[in-house]
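Asker: Here it is, the structure in full.
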Amino acid sequence: MAIAKWTDELKTGVSDVDKQHKELINLINNLHDALIQGKGKERVEEALTFLSNYVVEHFKCEEDLMLKHNYTGFPAHKREHERFVYDVTALANDFKQTANPSFLAITLQKSIVDWLVNHILKVDKEMAKFIIEKTGGRAA
């Protein structure tokens with residue numbers, strides 16, 4: 001059961017960013033499904049680790065794109081990325097200590113998904129608009 005769904009509303013217009021956002025949503029949904037289905041602690045930890053690593057890679061791609069195009073909102077955007085990485089890392093550490101899948105499922109749904117969707121809808125779309133305007137649509 002998906003807790004986040006990719007829709008056209010989430011499209012930024014920058015194809016690489018959109019592709020990675022779709023993948024992030026799939027990873028979060030797969031992790032949530034593993035929790036709901038009672039998969040083993042190791043499987044959930046593997047999914048959390050993979051999600052953590054993917055988030056770092058995705059944010060680096062976005063940050064490189066922002067730097068390449070001298071995006072004026074870079075410092076604030078980077079701080080949001082750092083906060084998200086911190087939150088995902090804290091979530092993974094909490095799960096390792098408690099192994100409470102119900103807690104993780106609720107936290108994942110309420111904070112991680114909400115943050116990601118809101119970040120895409122506001123901050124990433126603003127960044128993409130800047131880059132698309134600056135490149136005449138070539139970044140799309």
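Going through the structure tokens in order, the chains are called A, B, and so on, while each chain numbers its residues from 1 and the ligands are numbered from 1 in the order shown.
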I'd like the neighbourhood of Leu27 of chain A as a VMD selection string, where a residue qualifies if any of its atoms comes within 10 Å (using only C-alpha atoms), though same-chain residues fewer than 3 positions away should be ignored.
Answerer: chain A and resid 21 to 24 30 to 33 47 to 48 50 to 51 54
Asker: Write out as a PyMOL selection string the residues lying within 12 Å of Lys78 of chain A, counting only C-alpha atoms and excluding same-chain residues fewer than 6 positions away.
Answerer: chain A and resi 56+58-67+71-72+84-85+119+123-124+127
Asker: Which is closest to Ala92 of chain A among A:Glu80, A:Glu46, A:Glu9, A:Asp18, if we use only C-alpha atoms?
Answerer: A:Glu46
Asker: With segment 112-115 of chain A as the partner and 10 Å as the cut-off, tabulate the residues of segment 10-65 of chain A that qualify, each row holding the nearest pair of atoms and their distance in Å to one decimal, using only C-alpha atoms, sorted by chain and rising number, as JSON lines.
Answerer:
{"residue": "A:Leu24", "atom": "CA", "partner": "A:Val113", "partner_atom": "CA", "distance": 9.8}
{"residue": "A:Ile25", "atom": "CA", "partner": "A:Val113", "partner_atom": "CA", "distance": 8.1}
{"residue": "A:Ile28", "atom": "CA", "partner": "A:Val113", "partner_atom": "CA", "distance": 7.7}
{"residue": "A:Asn29", "atom": "CA", "partner": "A:Val113", "partner_atom": "CA", "distance": 9.4}
Asker: Taking only C-alpha atoms into account, which of A:Lys134, A:Lys129, A:Lys110, A:Lys41 comes nearest Ile3 of chain A?
Answerer: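 Closest residue, counting only C-alpha atoms: A:Lys110.
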Asker: If you measure from atom CA of Gly13 of chain A to atom CA of Ala128 of chain A, what distance in Å do you get, rounded to one decimal?
Answerer: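 Those two atoms sit 6.7 Å apart.
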Asker: Suppose you want the space between atom CA of Val44 of chain A and atom CA of Thr98 of chain A; what is it in Å?
Answerer: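 Distance between the two atoms: 12.5 Å.
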Asker: Given the choices A:Asp16, A:Lys122, A:Ser102, A:His81, which gets closest to Gln37 of chain A if the distance is worked out from only C-alpha atoms?
Answerer: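 Counting only C-alpha atoms, the residue closest to Gln37 of chain A is A:Ser102.
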Asker: So, with only C-alpha atoms as the atoms that count, which of A:Lys125, A:Ile36, A:Asp87, A:Val17 lies closest to Ile106 of chain A?
Answerer: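 Checking each candidate against Ile106 of chain A, we get A:Ile36 as the closest.
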Asker: Could you check the closest approach to Asn70 of chain A for each of A:Phe130, A:Lys5, A:Ser15, A:Leu10 and tell me which residue wins, using only C-alpha atoms?
Answerer: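 Looking only at the distances to Asn70 of chain A, the closest residue turns out to be A:Phe130.
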Asker: Rounded to one decimal place, report the atom CA of Lys68 of chain A-atom CA of Thr49 of chain A distance in Å.
Answerer: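 Taking atom CA of Lys68 of chain A as the start and atom CA of Thr49 of chain A as the end point, the length is 28.7 Å.
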Asker: Could you check which of A:Asn118, A:Thr12, A:Thr7, A:Ser111 is closest to Ile132 of chain A, using only C-alpha atoms?
Answerer: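 The closest residue to Ile132 of chain A is A:Thr12.
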Asker: Which of chain A counts as helix (DSSP H, G or I) under DSSP, as a PyMOL selection string please?
Answerer: chain A and resi 8-10+15-36+41-68+74-98+101-135
